[in-house]
$ cat final-v7.txt   # compact mmCIF, C-alpha atoms
# COMPACT_ATOMS: atom_id res chain seq x y z
CA MET A 1 78.68 109.14 68.18
CA HIS A 2 76.18 106.59 69.34
CA PRO A 3 77.92 104.39 71.94
CA ARG A 4 76.86 101.14 70.28
CA THR A 5 77.82 101.95 66.71
CA ASN A 6 80.97 100.96 64.94
CA LEU A 7 82.56 101.02 61.50
CA GLN A 8 84.34 98.15 59.85
CA ILE A 9 86.40 98.53 56.68
CA ILE A 10 86.93 95.33 54.72
CA SER A 11 89.18 94.84 51.72
CA SER A 12 87.70 92.50 49.14
CA SER A 13 89.55 90.27 46.73
CA ARG A 14 89.07 92.87 44.02
CA ASP A 15 90.65 95.53 46.24
CA LYS A 16 87.40 97.42 46.80
CA THR A 17 86.66 99.05 50.13
CA ARG A 18 83.37 97.98 51.59
CA LEU A 19 81.49 99.63 54.41
CA HIS A 20 79.29 98.25 57.18
CA ILE A 21 76.20 100.23 58.14
CA PHE A 22 76.00 101.35 61.74
CA GLY A 23 73.26 99.71 63.74
CA ASN A 24 71.70 96.31 63.62
CA LYS A 25 72.12 95.45 59.93
CA GLN A 26 75.60 94.08 59.25
CA GLN A 27 75.53 93.58 55.49
CA SER A 28 78.47 95.03 53.57
CA ILE A 29 77.84 97.31 50.59
CA ASP A 30 80.07 98.27 47.70
CA PRO A 31 80.45 102.09 47.98
CA ASN A 32 79.99 102.49 44.24
CA GLU A 33 76.69 100.61 44.42
CA ARG A 34 75.55 102.47 47.52
CA THR A 35 76.34 106.04 46.50
CA TYR A 36 75.54 106.01 42.78
CA PRO A 37 74.07 108.24 41.43
CA GLU A 38 74.56 110.52 44.43
CA SER A 39 78.32 110.95 44.49
CA LYS A 40 77.82 114.17 42.51
CA PRO A 41 75.59 117.26 42.80
CA ALA A 42 71.88 116.93 42.11
CA THR A 43 70.63 117.51 38.60
CA TYR A 44 68.25 120.36 37.83
CA ASP A 45 66.34 118.08 35.45
CA LEU A 46 62.85 116.90 36.35
CA LEU A 47 60.91 113.74 35.62
CA PRO A 48 57.62 114.10 33.67
CA SER A 49 54.58 115.13 35.69
CA SER A 50 50.92 116.05 35.28
CA PRO A 51 48.89 118.96 36.72
CA LEU A 52 46.73 116.35 38.44
CA ASP A 53 49.80 115.30 40.45
CA MET A 54 49.47 118.43 42.60
CA PHE A 55 46.85 116.71 44.76
CA ASN A 56 48.96 113.70 45.81
CA PRO A 57 52.11 114.17 47.94
CA LEU A 58 53.75 111.08 46.45
CA ALA A 59 53.14 112.31 42.90
CA ILE A 60 54.18 115.86 43.79
CA VAL A 61 57.71 114.86 44.79
CA LYS A 62 58.28 112.28 42.05
CA PRO A 63 59.43 114.80 39.36
CA MET A 64 62.21 116.01 41.68
CA LEU A 65 63.78 112.55 42.06
CA LYS A 66 65.65 112.27 38.76
CA GLN A 67 69.21 111.01 39.36
CA THR A 68 68.51 109.96 42.93
CA GLN A 69 68.33 106.57 44.62
CA LEU A 70 64.54 106.99 44.82
CA GLU A 71 64.00 107.66 41.09
CA ASN A 72 62.86 104.13 40.26
CA ARG A 73 61.60 103.09 43.66
CA GLN A 74 58.03 102.97 44.92
CA LEU A 75 57.37 105.73 47.47
CA LYS A 76 55.41 105.96 50.69
CA ILE A 77 54.53 108.67 53.21
CA VAL A 78 56.33 107.86 56.45
CA TYR A 79 55.42 111.05 58.34
CA ASN A 80 52.29 113.17 58.08
CA ALA A 81 52.39 115.98 60.63
CA GLN A 82 48.62 116.42 60.59
CA LYS A 83 48.16 112.79 61.72
CA ASP A 84 51.42 112.02 63.52
CA GLY A 85 51.86 115.32 65.35
CA TRP A 86 53.82 118.53 64.91
CA ASP A 87 56.47 117.35 67.31
CA ALA A 88 60.17 116.54 66.82
CA ARG A 89 60.10 113.27 68.74
CA SER A 90 57.03 112.06 66.88
CA PHE A 91 58.78 113.04 63.66
CA HIS A 92 61.88 110.96 64.48
CA LYS A 93 59.82 107.94 65.50
CA LYS A 94 58.42 107.89 61.98
CA VAL A 95 61.43 108.89 59.84
CA ASP A 96 64.50 107.45 61.55
CA GLY A 97 66.06 104.55 59.68
CA LYS A 98 64.03 105.09 56.50
CA GLY A 99 67.02 106.21 54.40
CA ALA A 100 66.82 108.84 51.67
CA SER A 101 63.74 110.99 52.15
CA VAL A 102 61.90 114.00 50.77
CA VAL A 103 60.41 116.74 52.95
CA LEU A 104 57.30 118.36 51.47
CA ALA A 105 55.66 121.36 53.13
CA LYS A 106 52.78 123.59 52.08
CA VAL A 107 53.20 127.25 53.06
CA ARG A 108 50.53 129.75 52.08
CA GLY A 109 49.23 127.57 49.29
CA LYS A 110 52.65 126.81 47.75
CA TRP A 111 54.76 123.67 48.06
CA ILE A 112 58.39 123.79 49.14
CA GLY A 113 60.73 121.09 50.37
CA GLY A 114 64.04 119.33 50.25
CA TYR A 115 65.72 116.03 49.50
CA ASN A 116 67.89 114.42 52.17
CA PRO A 117 69.89 111.50 50.65
CA ARG A 118 71.06 110.47 54.13
CA GLY A 119 67.76 110.42 55.96
CA TRP A 120 67.61 110.65 59.76
CA ALA A 121 68.84 108.34 62.50
CA SER A 122 68.96 110.49 65.68
CA LEU A 123 72.73 109.99 65.89
CA GLY A 124 73.50 113.64 66.63
CA GLY A 125 75.58 116.03 64.57
CA SER A 126 75.01 116.68 60.88
CA ARG A 127 74.68 114.42 57.83
CA PRO A 128 76.29 116.02 54.75
CA SER A 129 75.65 115.19 51.11
CA ILE A 130 76.57 117.05 47.96
CA ALA A 131 73.49 115.48 46.31
CA SER A 132 70.99 117.15 48.61
CA PHE A 133 68.72 119.84 47.20
CA LEU A 134 65.81 122.10 48.04
CA PHE A 135 62.90 122.86 45.75
CA TYR A 136 59.98 125.23 45.37
CA GLN A 137 56.85 125.46 43.27
CA THR A 138 56.89 127.85 40.31
CA LEU A 139 53.94 128.97 38.19
CA PHE A 140 53.97 125.89 35.96
CA SER A 141 56.70 123.62 37.33
CA TRP A 142 59.39 123.23 40.00
CA GLN A 143 62.82 124.72 40.64
CA LYS A 144 65.59 122.83 42.43
CA LEU A 145 68.29 124.55 44.48
CA ARG A 146 71.56 122.67 44.83
CA VAL A 147 74.01 122.82 47.70
CA ALA A 148 76.29 125.85 47.66
CA ARG A 149 80.07 125.55 47.51
CA THR A 150 80.33 126.49 51.18
CA GLY A 151 78.46 123.50 52.52
CA GLY A 152 76.22 120.55 51.82
CA MET A 153 74.44 119.64 55.03
CA ALA A 154 71.50 117.54 53.90
CA CYS A 155 70.63 117.26 57.57
CA GLY A 156 72.06 120.01 59.73
CA ARG A 157 70.92 118.51 63.03
CA ASP A 158 70.17 114.83 63.54
CA GLU A 159 69.15 114.94 67.21
CA PHE A 160 66.16 112.96 68.48
CA ASP A 161 64.48 116.10 69.84
CA GLN A 162 65.11 118.39 66.85
CA GLY A 163 63.08 118.65 63.68
CA ILE A 164 64.04 119.39 60.07
CA TYR A 165 67.24 121.27 59.26
CA PHE A 166 68.63 121.61 55.74
CA GLY A 167 71.90 123.37 56.45
CA SER A 168 71.64 125.44 59.59
CA ASP A 169 69.07 127.84 58.15
CA ALA A 170 68.27 127.02 54.49
CA LEU A 171 65.04 125.22 55.42
CA VAL A 172 64.22 124.78 59.09
CA ILE A 173 61.05 123.34 60.58
CA PRO A 174 62.10 122.69 64.21
CA LEU A 175 58.81 121.07 65.30
CA ASN A 176 59.14 122.25 68.87
CA GLY A 177 58.43 125.16 71.16
CA LYS A 178 55.33 127.31 71.13
CA LYS A 179 55.26 127.49 67.32
CA PRO A 180 55.82 123.91 66.13
CA ARG A 181 54.68 124.75 62.57
CA SER A 182 57.18 127.57 62.21
CA VAL A 183 59.25 127.56 58.99
CA THR A 184 62.49 129.48 58.46
CA SER A 185 64.49 129.73 55.25
CA ARG A 186 67.69 131.63 54.47
CA LEU A 187 69.28 130.79 51.14
CA GLY A 188 72.76 131.56 49.82
CA TYR A 189 75.20 129.95 52.23
CA PHE A 190 74.33 126.25 52.45
CA PHE A 191 72.01 126.17 49.43
CA GLU A 192 72.01 128.42 46.38
CA GLY A 193 69.39 131.01 45.50
CA GLY A 194 68.80 129.67 41.98
CA PRO A 195 68.01 131.56 38.77
CA GLU A 196 65.70 133.96 40.63
CA LYS A 197 68.47 134.70 43.15
CA LYS A 198 66.06 133.95 45.96
CA THR A 199 67.07 134.63 49.53
CA THR A 200 64.32 132.44 50.98
CA LEU A 201 61.89 129.68 50.05
CA LEU A 202 59.17 131.57 51.89
CA PRO A 203 56.72 134.19 50.57
CA VAL A 204 58.37 137.13 52.36
CA ALA A 205 62.15 137.55 52.67
CA GLY A 206 63.34 137.93 56.23
CA ALA A 207 60.07 136.70 57.73
CA ASP A 208 59.22 133.27 59.06
CA ALA A 209 56.04 131.50 58.02
CA GLN A 210 53.86 128.60 59.12
CA ALA A 211 53.45 125.21 57.47
CA ASP A 212 49.88 124.15 56.81
CA GLU A 213 50.85 120.63 55.72
CA LEU A 214 54.04 118.65 56.20
CA TYR A 215 55.07 115.22 54.90
CA VAL A 216 58.19 113.08 54.76
CA ILE A 217 58.30 110.61 51.88
CA SER A 218 60.71 107.66 51.66
CA GLY A 219 61.25 104.59 49.53
CA VAL A 220 59.61 101.19 49.87
CA TYR A 221 62.13 98.39 50.50
CA GLY A 222 61.78 94.66 50.54
CA LYS A 223 62.09 92.60 53.70
CA ASP A 224 65.67 91.54 52.95
CA GLU A 225 66.86 94.78 51.37
CA VAL A 226 69.39 96.98 53.12
CA ILE A 227 68.26 100.59 53.31
CA PRO A 228 71.30 102.81 52.59
CA ASN A 229 72.16 105.03 55.58
CA SER A 230 69.34 103.50 57.62
CA GLY A 231 71.52 103.35 60.71
CA GLY A 232 74.13 105.97 59.86
CA VAL A 233 77.25 105.69 57.73
CA THR A 234 80.68 107.20 57.76
CA ASP A 235 81.39 107.72 54.07
CA LEU A 236 85.13 108.44 54.01
CA GLY A 237 84.80 111.24 51.50
CA LEU A 238 82.50 109.47 49.04
CA TYR A 239 80.09 112.41 49.13
$ encode --input "final-v7.txt" --output "structure tokens"
Amino acid sequence: MHPRTNLQIISSSRDKTRLHIFGNKQQSIDPNERTYPESKPATYDLLPSSPLDMFNPLAIVKPMLKQTQLENRQLKIVYNAQKDGWDARSFHKKVDGKGASVVLAKVRGKWIGGYNPRGWASLGGSRPSIASFLFYQTLFSWQKLRVARTGGMACGRDEFDQGIYFGSDALVIPLNGKKPRSVTSRLGYFFEGGPEKKTTLLPVAGADAQADELYVISGVYGKDEVIPNSGGVTDLGLY
């Protein structure tokens, strides 16, 4: 736990529990307002899209965001590995505190990725969410993969010097070492294999691959808006 963080639980006049976000922002949030619609597993449904959307990272991820806190929010690219560096610390400088985010990676001409409702904050440990999901490009559309019954780690490792971990191995782009673009994916334990019973998001089962492009996309918030999970939250079983 970060030494300067703390959690306050306040009982309101209507007997609702309210949570304070860890970090600098001290505005209380009704849990029902903060977690909806992500107090339940992700939907497989997609928002409408166009073939032309395949050339714009923001448009690519938009169909996946049905029933998420980003569905009706303007999006922005907060991390572009080609510009910002294939490095875990550079990654965290860009993504920490941005709240719910989508990872989008191109591997051998195909897009894969995942949705992390919690975002990153470099607080250490994991950040679970039943609403997290992975996705991959099919011939004409997209397929989502929901969390498996055995776990729901939207962010398996939230350390300042570690990269992207959905579960411990479902989608891993560590962004360090001699192969910073390395991508690993093992499906079935933390995230399901989907209708195709896939064992990996990658082209060849049992083999790692390399990302050619990598983006993290988050929501655009107003100056006075509180970004959910921007500094880390203990959710007391809400997810």
$ atom_distance --input "final-v7.txt" --atom1 "CA of Ser182 in chain A" --atom2 "CA of Asp96 in chain A"
21.4 Å
$ atom_distance --input "final-v7.txt" --atom1 "CA of Val220 in chain A" --atom2 "CA of Pro57 in chain A"
15.1 Å
$ residues_around --input "final-v7.txt" --residues "Ala207 in chain A" --least-positions-apart "2" --cutoff "12 Å" --atoms "only C-alpha atoms" --output "ChimeraX atom specification"
/A:182-186,199-205,209-210
$ closest_residue --input "final-v7.txt" --among "A:Met54, A:Ile60, A:Val102, A:Thr43" --to "Gly219 in chain A" --atoms "all atoms listed in the file"
A:Val102
$ closest_residue --input "final-v7.txt" --among "A:Gln82, A:Arg157, A:Met64, A:Ala88" --to "Tyr136 in chain A" --atoms "only C-alpha atoms"
A:Met64
$ axis_aligned_box --input "final-v7.txt" --around "range 70-75 of chain A" --padding-each-side "4 Å" --output "lines of an AutoDock Vina configuration file"
center_x = 61.0
center_y = 105.3
center_z = 43.9
size_x = 15.2
size_y = 12.7
size_z = 15.2
$ residues_around --input "final-v7.txt" --residues "Gly109 in chain A" --least-positions-apart "2" --cutoff "10 Å" --atoms "only C-alpha atoms" --output "MDAnalysis selection string"
chainID A and resid 105:107 111:112 137 211:213
$ write_last_selection --input "final-v7.txt" --atoms "C-alpha atoms" --output "PDB file, in the coordinates of the input"
ATOM      1  CA  ALA A 105      55.660 121.360  53.130  1.00  0.00           C
ATOM      2  CA  LYS A 106      52.780 123.590  52.080  1.00  0.00           C
ATOM      3  CA  VAL A 107      53.200 127.250  53.060  1.00  0.00           C
ATOM      4  CA  TRP A 111      54.760 123.670  48.060  1.00  0.00           C
ATOM      5  CA  ILE A 112      58.390 123.790  49.140  1.00  0.00           C
ATOM      6  CA  GLN A 137      56.850 125.460  43.270  1.00  0.00           C
ATOM      7  CA  ALA A 211      53.450 125.210  57.470  1.00  0.00           C
ATOM      8  CA  ASP A 212      49.880 124.150  56.810  1.00  0.00           C
ATOM      9  CA  GLU A 213      50.850 120.630  55.720  1.00  0.00           C
TER      10      GLU A 213
END
$ residues_around --input "final-v7.txt" --residues "range 144-150 of chain A" --least-positions-apart "4" --cutoff "8 Å" --atoms "only C-alpha atoms" --output "list in words"
Pro41, Ala42, Tyr44, Met64, Ile130, Ala131, Ser132, Phe133, Leu134, Phe135, Tyr136, Gly188, Tyr189, Phe190, Phe191, Glu192, Gly193 and Gly194 of chain A
$ write_last_selection --input "final-v7.txt" --atoms "C-alpha atoms" --output "PDB file, in the frame of the given file"
ATOM      1  CA  PRO A  41      75.590 117.260  42.800  1.00  0.00           C
ATOM      2  CA  ALA A  42      71.880 116.930  42.110  1.00  0.00           C
ATOM      3  CA  TYR A  44      68.250 120.360  37.830  1.00  0.00           C
ATOM      4  CA  MET A  64      62.210 116.010  41.680  1.00  0.00           C
ATOM      5  CA  ILE A 130      76.570 117.050  47.960  1.00  0.00           C
ATOM      6  CA  ALA A 131      73.490 115.480  46.310  1.00  0.00           C
ATOM      7  CA  SER A 132      70.990 117.150  48.610  1.00  0.00           C
ATOM      8  CA  PHE A 133      68.720 119.840  47.200  1.00  0.00           C
ATOM      9  CA  LEU A 134      65.810 122.100  48.040  1.00  0.00           C
ATOM     10  CA  PHE A 135      62.900 122.860  45.750  1.00  0.00           C
ATOM     11  CA  TYR A 136      59.980 125.230  45.370  1.00  0.00           C
ATOM     12  CA  GLY A 188      72.760 131.560  49.820  1.00  0.00           C
ATOM     13  CA  TYR A 189      75.200 129.950  52.230  1.00  0.00           C
ATOM     14  CA  PHE A 190      74.330 126.250  52.450  1.00  0.00           C
ATOM     15  CA  PHE A 191      72.010 126.170  49.430  1.00  0.00           C
ATOM     16  CA  GLU A 192      72.010 128.420  46.380  1.00  0.00           C
ATOM     17  CA  GLY A 193      69.390 131.010  45.500  1.00  0.00           C
ATOM     18  CA  GLY A 194      68.800 129.670  41.980  1.00  0.00           C
TER      19      GLY A 194
END
$ closest_residue --input "final-v7.txt" --among "A:Leu47, A:Leu58, A:Ile77, A:Val216" --to "Tyr115 in chain A" --atoms "all atoms listed in the file"
A:Val216
$ closest_residue --input "final-v7.txt" --among "A:Val61, A:Lys93, A:Gly125, A:Gln143" --to "Lys197 in chain A" --atoms "all atoms listed in the file"
A:Gln143
$ atom_distance --input "final-v7.txt" --atom1 "CA of Asp158 in chain A" --atom2 "CA of Arg127 in chain A"
7.3 Å
$ closest_residue --input "final-v7.txt" --among "A:Gly124, A:Ile227, A:Pro48, A:Lys40" --to "Lys98 in chain A" --atoms "all atoms listed in the file"
A:Ile227
$ closest_residue --input "final-v7.txt" --among "A:Val103, A:Val226, A:Val95, A:Leu139" --to "Trp120 in chain A" --atoms "all atoms listed in the file"
A:Val95
$ residues_near_point --input "final-v7.txt" --point "(71.7, 110.4, 50.1)" --cutoff "10 Å" --atoms "all atoms listed in the file" --output "list in words"
Arg34, Thr35, Tyr36, Pro37, Glu38, Ser39, Thr68, Gln69, Leu70, Gly99, Ala100, Ser101, Tyr115, Asn116, Pro117, Arg118, Gly119, Arg127, Pro128, Ser129, Ile130, Ala131, Ser132, Ala154, Pro228, Asn229 and Tyr239 of chain A
$ residues_around --input "final-v7.txt" --residues "His92 in chain A" --least-positions-apart "6" --cutoff "12 Å" --atoms "all atoms listed in the file" --output "ChimeraX atom specification"
/A:78-81,84-86,98,119-123,157-164,174-175,216
